[in-house]
Amino acid sequence: MALLERAKRIAVEHDQLSAALESDFDEKKAKRAGEISRVADTLKQFEKAKAALSELQGLLKSDDAELRELAQDDLESTNAQLDESSHNLSVALTPKHPFADMPCLVEIRPGPGGTEGRFFADSVFHMYKQYCANRGYRTRVVKYESSDSDGQTGSEGEIALQEAVLEVQETGAYNTFRGEAGMHRVQRVPATEKSGRTHTSAVAVWVLPSFPESGASSESEADWENPESDFYIDPTEVRCETMRARGAGGQHVNKTESAIRLTHIPTGTTVSMQDSRSQQRNREYAWRIMRSRLAQQRRESREEMARQLRSSVLANSQITRGDKIRTYNYGQDRCTDHRSAVDAHNLPDVLRGGETLHRVMESVQTWLVNKDIQVLIADEEVAAAAAAKKEKKGGK
C-alpha cells in the first residue's frame, strides 16, 4: 500500500511536469520527467490489469453461464498479468544505484586455502576476463601480480596469483558485476594431492566503481575534485612512498624506484602498484584504485547507517563481502550461488565465462532487485510509521 501511494504521487508529479514542459521547456524539469516516466507508465499498466481483474470478478457473478465460463477462462492469465505489473511497479520505484552506470574495477585476491587459493584466484580472473570478451565488453588489466610458487601450477594450469585488478570499461559495468563481490569458494582435488582428497579454498572478489581518467563527469558523484563527491580525497591525508619493484619483470626490477604505495591515513587503506616501469603511470593507477576503494567504503557506510533504521527482518538476509556467496565444486561439475539458490552444472563453461556463468549472474541480478524492493518497502514503512507518530503527537 505504501509503495502504491508513492507511485501515485510520482505519477501526479510526472503529469504536472509534462504539462509544464508543453508550454515552457526547462532542462531540469525535462530530466526529472524522464527519470520518473517509467514509474508513471508502469503504474498505468498496473491499474489497467487491476481494472481487468475487477471486471472479470464482476462477470463471475453474472447470471449468464457463458459469461461466467469466459471470465473463469481469463482469470488465471489476468491474475498473472497483475502480479507481473505489480512486480514491475516495485522495480520501477526502486532507486537506481548511484554507481550503476559507471565502469568498474574487479579486484581478485586469494582467500583462505594457501597456494590452492592463489591458483583458483587466477581461474576467477580469467573467468571474468573471458566473460567480458564473450559479451563484447572492453577491458584493461590494471594489475596482475603473481606470488612465488616455485614454478608450481594448479590442477588447471593456473599460476599462483597474488592480486589482480580488471577494469571493465563499459558504461553500466558496475551494475552488471556488483553482484559478484564476495567470497567465492572452490572445492577440488589439488594437483599436488596424492590421495585424491578434495580441498576447500576461497577467493575474495571486490567490485568497485571506476571513475573517468580525466576526472570529468556530468555526475557530481564521480567528480573527484568535488569535496562532496564519494571519490574526493584530501591529498594531505595520503602518504605516498616509492620503492623498488620486486618479482619477475626484467632489468628494471630492484634497480629503479618505480613502484608506488599509497596509504590513506584516516582509514588505513593502502594501494601498491608496480605493473608499469613508469613511476608516474604507477602513481596514476594507484590513485584511481584508491579513489574507487574509498568511494565504495563511503557508499557502504551510508547504506549501513540506513539499514539501522530499517526493520530488523532485513538484517538476517543482508549479505556482506565476508560471506560465502558462491561455490565451484569440480567433483560434482557444479556452480552454486548461495543467494539466488541457483545450481548450474557444466562448470567448465562457467570458468570459460560462457552462457552458464551468464545465467548464474542474471539470477543474482534478480536476487539483488528483489532485495532492493525489500529495502524500499522497509523504508516506506519506516517513513509511514514516523509520519503517523508525528501526526499522533501533533494531535495531542
# chains A, B, ... in the order shown; residues from 1 in each chain; ligands from 1

call {"tool": "residues_around", "arguments": {"residues": "range 154-170 of chain A", "least_positions_apart": "5", "cutoff": "8 Å", "atoms": "only C-alpha atoms", "output": "ChimeraX atom specification"}}
result
/A:102-110,115-116,118-123,125,129,132,137-149,189-191,210

call {"tool": "select_by_dssp", "arguments": {"residues": "range 64-118 of chain A", "states": "alpha helix (DSSP H)", "output": "ChimeraX atom specification"}}
result
/A:65-93,114-118

call {"tool": "closest_residue", "arguments": {"among": "A:Gly117, A:Arg9, A:His358, A:Arg281", "to": "Glu180 in chain A", "atoms": "only C-alpha atoms"}}
result
A:His358

call {"tool": "residues_around", "arguments": {"residues": "Asn134 in chain A", "least_positions_apart": "3", "cutoff": "8 Å", "atoms": "only C-alpha atoms", "output": "PyMOL selection string"}}
result
chain A and resi 130-131+137+353-354

call {"tool": "residues_around", "arguments": {"residues": "Glu35 in chain A", "least_positions_apart": "4", "cutoff": "12 Å", "atoms": "only C-alpha atoms", "output": "list in words"}}
result
Ile10, Ala11, Glu13, His14, Leu17, Lys28, Lys29, Ala30, Lys31, Val39, Ala40, Asp41, Ala92, Leu93, Thr94, Pro95 and Lys96 of chain A

call {"tool": "atom_distance", "arguments": {"atom1": "CA of Thr263 in chain A", "atom2": "CA of Ala202 in chain A"}}
result
26.5 Å

call {"tool": "closest_residue", "arguments": {"among": "A:Thr267, A:Asp230, A:Glu47, A:Met273", "to": "Arg302 in chain A", "atoms": "only C-alpha atoms"}}
result
A:Asp230

call {"tool": "select_by_dssp", "arguments": {"residues": "range 4-210 of chain A", "states": "strand (DSSP E)", "output": "PyMOL selection string"}}
result
chain A and resi 104-110+139-146+161-168+182-188+199-209

call {"tool": "write_last_selection", "arguments": {"atoms": "N, CA and C atoms", "output": "short mmCIF file (atom, residue, chain, number, x, y, z; two decimals), in the first residue's frame"}}
result
data_model
loop_
_atom_site.label_atom_id
_atom_site.label_comp_id
_atom_site.auth_asym_id
_atom_site.auth_seq_id
_atom_site.Cartn_x
_atom_site.Cartn_y
_atom_site.Cartn_z
N CYS A 104 33.66 -0.33 -14.04
CA CYS A 104 34.02 -0.87 -12.72
C CYS A 104 35.40 -1.48 -12.71
N LEU A 105 35.90 -1.67 -11.51
CA LEU A 105 37.15 -2.39 -11.26
C LEU A 105 36.79 -3.68 -10.53
N VAL A 106 37.23 -4.80 -11.06
CA VAL A 106 37.03 -6.09 -10.41
C VAL A 106 38.37 -6.51 -9.80
N GLU A 107 38.43 -6.51 -8.46
CA GLU A 107 39.66 -6.88 -7.76
C GLU A 107 39.56 -8.32 -7.26
N ILE A 108 40.59 -9.08 -7.48
CA ILE A 108 40.59 -10.51 -7.13
C ILE A 108 41.82 -10.81 -6.29
N ARG A 109 41.60 -11.41 -5.11
CA ARG A 109 42.70 -11.80 -4.23
C ARG A 109 42.42 -13.16 -3.62
N PRO A 110 43.45 -13.96 -3.40
CA PRO A 110 43.24 -15.27 -2.77
C PRO A 110 42.78 -15.11 -1.33
N THR A 139 37.92 -4.23 -21.84
CA THR A 139 38.58 -4.39 -20.54
C THR A 139 40.03 -3.92 -20.62
N ARG A 140 40.60 -3.73 -19.44
CA ARG A 140 42.02 -3.41 -19.34
C ARG A 140 42.55 -4.02 -18.05
N VAL A 141 43.66 -4.74 -18.14
CA VAL A 141 44.27 -5.33 -16.95
C VAL A 141 45.08 -4.25 -16.25
N VAL A 142 44.59 -3.80 -15.11
CA VAL A 142 45.27 -2.75 -14.35
C VAL A 142 46.40 -3.34 -13.53
N LYS A 143 46.17 -4.54 -13.00
CA LYS A 143 47.18 -5.17 -12.16
C LYS A 143 47.05 -6.69 -12.27
N TYR A 144 48.20 -7.35 -12.39
CA TYR A 144 48.23 -8.82 -12.45
C TYR A 144 49.55 -9.25 -11.84
N GLU A 145 49.51 -9.60 -10.56
CA GLU A 145 50.73 -9.85 -9.79
C GLU A 145 50.73 -11.27 -9.25
N SER A 146 51.73 -12.05 -9.62
CA SER A 146 51.83 -13.43 -9.15
C SER A 146 52.68 -13.49 -7.89
N LEU A 161 48.32 -16.58 -8.12
CA LEU A 161 48.03 -15.15 -8.25
C LEU A 161 48.01 -14.48 -6.88
N GLN A 162 48.72 -13.39 -6.76
CA GLN A 162 48.73 -12.60 -5.53
C GLN A 162 47.58 -11.60 -5.52
N GLU A 163 47.41 -10.90 -6.62
CA GLU A 163 46.33 -9.91 -6.74
C GLU A 163 46.17 -9.53 -8.21
N ALA A 164 44.93 -9.31 -8.61
CA ALA A 164 44.65 -8.84 -9.97
C ALA A 164 43.54 -7.80 -9.92
N VAL A 165 43.63 -6.83 -10.81
CA VAL A 165 42.58 -5.81 -10.95
C VAL A 165 42.23 -5.71 -12.43
N LEU A 166 40.99 -6.00 -12.74
CA LEU A 166 40.50 -5.93 -14.11
C LEU A 166 39.51 -4.77 -14.23
N GLU A 167 39.79 -3.82 -15.11
CA GLU A 167 38.86 -2.73 -15.34
C GLU A 167 37.93 -3.10 -16.49
N VAL A 168 36.63 -3.05 -16.24
CA VAL A 168 35.62 -3.26 -17.27
C VAL A 168 35.14 -1.87 -17.67
N GLY A 182 32.27 -10.69 -3.18
CA GLY A 182 32.10 -11.60 -2.06
C GLY A 182 33.13 -12.71 -2.09
N MET A 183 32.94 -13.71 -1.23
CA MET A 183 33.85 -14.85 -1.16
C MET A 183 33.39 -15.97 -2.09
N HIS A 184 34.26 -16.37 -3.00
CA HIS A 184 33.98 -17.46 -3.94
C HIS A 184 34.74 -18.70 -3.46
N ARG A 185 33.99 -19.74 -3.12
CA ARG A 185 34.60 -20.95 -2.58
C ARG A 185 34.80 -21.99 -3.68
N VAL A 186 35.94 -22.68 -3.64
CA VAL A 186 36.21 -23.74 -4.60
C VAL A 186 36.48 -25.05 -3.86
N GLN A 187 35.94 -26.13 -4.38
CA GLN A 187 36.17 -27.46 -3.83
C GLN A 187 36.68 -28.35 -4.96
N ARG A 188 37.94 -28.77 -4.85
CA ARG A 188 38.53 -29.61 -5.88
C ARG A 188 39.76 -30.31 -5.34
N HIS A 199 40.09 -30.53 -1.49
CA HIS A 199 40.44 -29.38 -0.65
C HIS A 199 39.45 -28.25 -0.89
N THR A 200 39.27 -27.44 0.13
CA THR A 200 38.40 -26.26 0.03
C THR A 200 39.23 -25.00 0.23
N SER A 201 39.11 -24.08 -0.67
CA SER A 201 39.80 -22.78 -0.54
C SER A 201 38.86 -21.69 -1.05
N ALA A 202 39.29 -20.47 -0.99
CA ALA A 202 38.39 -19.36 -1.34
C ALA A 202 39.14 -18.22 -2.00
N VAL A 203 38.39 -17.41 -2.72
CA VAL A 203 38.90 -16.23 -3.41
C VAL A 203 37.99 -15.07 -3.09
N ALA A 204 38.57 -13.91 -2.75
CA ALA A 204 37.79 -12.71 -2.46
C ALA A 204 37.71 -11.83 -3.70
N VAL A 205 36.51 -11.39 -4.01
CA VAL A 205 36.29 -10.51 -5.16
C VAL A 205 35.67 -9.20 -4.67
N TRP A 206 36.25 -8.10 -5.08
CA TRP A 206 35.69 -6.77 -4.82
C TRP A 206 35.27 -6.16 -6.15
N VAL A 207 34.16 -5.45 -6.16
CA VAL A 207 33.72 -4.74 -7.36
C VAL A 207 33.55 -3.27 -6.96
N LEU A 208 34.35 -2.42 -7.60
CA LEU A 208 34.39 -1.00 -7.26
C LEU A 208 34.03 -0.16 -8.48
N PRO A 209 33.42 1.01 -8.26
CA PRO A 209 33.18 1.90 -9.40
C PRO A 209 34.50 2.47 -9.91
#

call {"tool": "atom_distance", "arguments": {"atom1": "CA of Glu241 in chain A", "atom2": "CA of His264 in chain A"}}
result
11.7 Å

call {"tool": "residues_around", "arguments": {"residues": "range 85-90 of chain A", "least_positions_apart": "2", "cutoff": "10 Å", "atoms": "only C-alpha atoms", "output": "PyMOL selection string"}}
result
chain A and resi 3-4+7+38-50+79-83+92-94+369-370+372-374+376-377

call {"tool": "closest_residue", "arguments": {"among": "A:Ser77, A:Thr336, A:Thr171, A:Thr242", "to": "Gln280 in chain A", "atoms": "only C-alpha atoms"}}
result
A:Thr242

call {"tool": "decode", "arguments": {"residues": "range 7-23 of chain A", "atoms": "all heavy atoms", "output": "CSV table (one decimal), in the first residue's frame"}}
result
chain,number,residue,atom,x,y,z
A,7,ALA,N,3.9,5.6,-5.7
A,7,ALA,CA,3.8,5.6,-7.2
A,7,ALA,C,2.7,6.6,-7.7
A,7,ALA,O,3.0,7.3,-8.7
A,7,ALA,CB,3.4,4.2,-7.7
A,8,LYS,N,1.6,6.7,-7.0
A,8,LYS,CA,0.6,7.7,-7.4
A,8,LYS,C,1.1,9.1,-7.3
A,8,LYS,O,0.8,9.9,-8.1
A,8,LYS,CB,-0.7,7.5,-6.6
A,8,LYS,CG,-1.4,6.2,-6.9
A,8,LYS,CD,-2.6,6.0,-6.0
A,8,LYS,CE,-3.4,4.7,-6.4
A,8,LYS,NZ,-4.5,4.5,-5.5
A,9,ARG,N,1.9,9.4,-6.2
A,9,ARG,CA,2.4,10.7,-6.1
A,9,ARG,C,3.4,11.0,-7.2
A,9,ARG,O,3.4,12.2,-7.7
A,9,ARG,CB,3.1,10.8,-4.7
A,9,ARG,CG,2.2,10.8,-3.5
A,9,ARG,CD,2.9,11.3,-2.2
A,9,ARG,NE,4.1,10.5,-1.9
A,9,ARG,CZ,4.1,9.4,-1.2
A,9,ARG,NH1,3.0,9.0,-0.6
A,9,ARG,NH2,5.2,8.8,-0.9
A,10,ILE,N,4.2,10.1,-7.6
A,10,ILE,CA,5.2,10.3,-8.6
A,10,ILE,C,4.5,10.5,-10.0
A,10,ILE,O,4.9,11.3,-10.8
A,10,ILE,CB,6.1,9.1,-8.7
A,10,ILE,CG1,7.0,9.1,-7.5
A,10,ILE,CG2,7.0,9.1,-10.0
A,10,ILE,CD1,8.0,7.9,-7.3
A,11,ALA,N,3.4,9.7,-10.2
A,11,ALA,CA,2.6,9.8,-11.4
A,11,ALA,C,2.0,11.2,-11.6
A,11,ALA,O,2.0,11.8,-12.6
A,11,ALA,CB,1.5,8.8,-11.5
A,12,VAL,N,1.5,11.7,-10.4
A,12,VAL,CA,0.9,13.1,-10.4
A,12,VAL,C,2.0,14.1,-10.8
A,12,VAL,O,1.8,15.0,-11.6
A,12,VAL,CB,0.3,13.4,-9.1
A,12,VAL,CG1,-0.1,14.9,-9.0
A,12,VAL,CG2,-1.0,12.6,-8.9
A,13,GLU,N,3.2,13.9,-10.2
A,13,GLU,CA,4.3,14.8,-10.4
A,13,GLU,C,4.7,14.8,-11.9
A,13,GLU,O,5.0,15.8,-12.5
A,13,GLU,CB,5.5,14.4,-9.6
A,13,GLU,CG,6.8,15.3,-9.8
A,13,GLU,CD,8.0,14.8,-9.1
A,13,GLU,OE1,7.9,13.8,-8.4
A,13,GLU,OE2,9.1,15.4,-9.3
A,14,HIS,N,4.7,13.6,-12.5
A,14,HIS,CA,5.0,13.4,-13.9
A,14,HIS,C,4.1,14.1,-14.8
A,14,HIS,O,4.4,14.8,-15.8
A,14,HIS,CB,5.1,11.9,-14.3
A,14,HIS,CG,5.5,11.6,-15.7
A,14,HIS,ND1,4.6,11.5,-16.7
A,14,HIS,CD2,6.7,11.6,-16.3
A,14,HIS,CE1,5.2,11.3,-17.8
A,14,HIS,NE2,6.5,11.3,-17.6
A,15,ASP,N,2.8,14.0,-14.5
A,15,ASP,CA,1.7,14.7,-15.3
A,15,ASP,C,1.9,16.2,-15.2
A,15,ASP,O,1.8,16.9,-16.2
A,15,ASP,CB,0.3,14.3,-14.8
A,15,ASP,CG,0.0,12.9,-15.1
A,15,ASP,OD1,0.6,12.3,-16.0
A,15,ASP,OD2,-1.0,12.3,-14.4
A,16,GLN,N,2.2,16.7,-14.0
A,16,GLN,CA,2.4,18.2,-13.8
A,16,GLN,C,3.6,18.7,-14.6
A,16,GLN,O,3.6,19.7,-15.2
A,16,GLN,CB,2.6,18.5,-12.3
A,16,GLN,CG,1.3,18.3,-11.5
A,16,GLN,CD,1.5,18.4,-10.0
A,16,GLN,OE1,2.7,18.3,-9.5
A,16,GLN,NE2,0.5,18.6,-9.3
A,17,LEU,N,4.7,17.9,-14.5
A,17,LEU,CA,5.9,18.3,-15.3
A,17,LEU,C,5.7,18.2,-16.8
A,17,LEU,O,6.1,19.1,-17.5
A,17,LEU,CB,7.1,17.3,-14.9
A,17,LEU,CG,7.7,17.4,-13.5
A,17,LEU,CD1,8.6,16.3,-13.2
A,17,LEU,CD2,8.4,18.8,-13.4
A,18,SER,N,5.0,17.2,-17.3
A,18,SER,CA,4.7,17.1,-18.7
A,18,SER,C,3.9,18.3,-19.2
A,18,SER,O,4.1,18.8,-20.3
A,18,SER,CB,4.0,15.8,-19.0
A,18,SER,OG,4.8,14.7,-18.6
A,19,ALA,N,2.9,18.7,-18.4
A,19,ALA,CA,2.0,19.8,-18.7
A,19,ALA,C,2.9,21.1,-18.8
A,19,ALA,O,2.7,21.9,-19.7
A,19,ALA,CB,0.9,19.9,-17.7
A,20,ALA,N,3.8,21.3,-17.8
A,20,ALA,CA,4.6,22.5,-17.7
A,20,ALA,C,5.6,22.5,-18.9
A,20,ALA,O,5.8,23.6,-19.5
A,20,ALA,CB,5.4,22.5,-16.4
A,21,LEU,N,6.1,21.4,-19.3
A,21,LEU,CA,7.1,21.3,-20.4
A,21,LEU,C,6.4,21.6,-21.8
A,21,LEU,O,7.1,22.0,-22.7
A,21,LEU,CB,7.7,20.0,-20.5
A,21,LEU,CG,8.7,19.7,-19.3
A,21,LEU,CD1,9.1,18.2,-19.3
A,21,LEU,CD2,10.0,20.6,-19.5
A,22,GLU,N,5.1,21.4,-21.9
A,22,GLU,CA,4.4,21.7,-23.2
A,22,GLU,C,4.4,23.1,-23.5
A,22,GLU,O,4.5,23.5,-24.7
A,22,GLU,CB,3.0,21.2,-23.1
A,22,GLU,CG,2.9,19.6,-23.2
A,22,GLU,CD,1.4,19.2,-23.1
A,22,GLU,OE1,0.5,20.0,-23.1
A,22,GLU,OE2,1.2,17.9,-23.2
A,23,SER,N,4.4,24.0,-22.5
A,23,SER,CA,4.4,25.4,-22.7
A,23,SER,C,5.7,26.1,-22.5
A,23,SER,O,6.0,27.2,-23.1
A,23,SER,CB,3.4,26.1,-21.7
A,23,SER,OG,3.7,25.8,-20.4
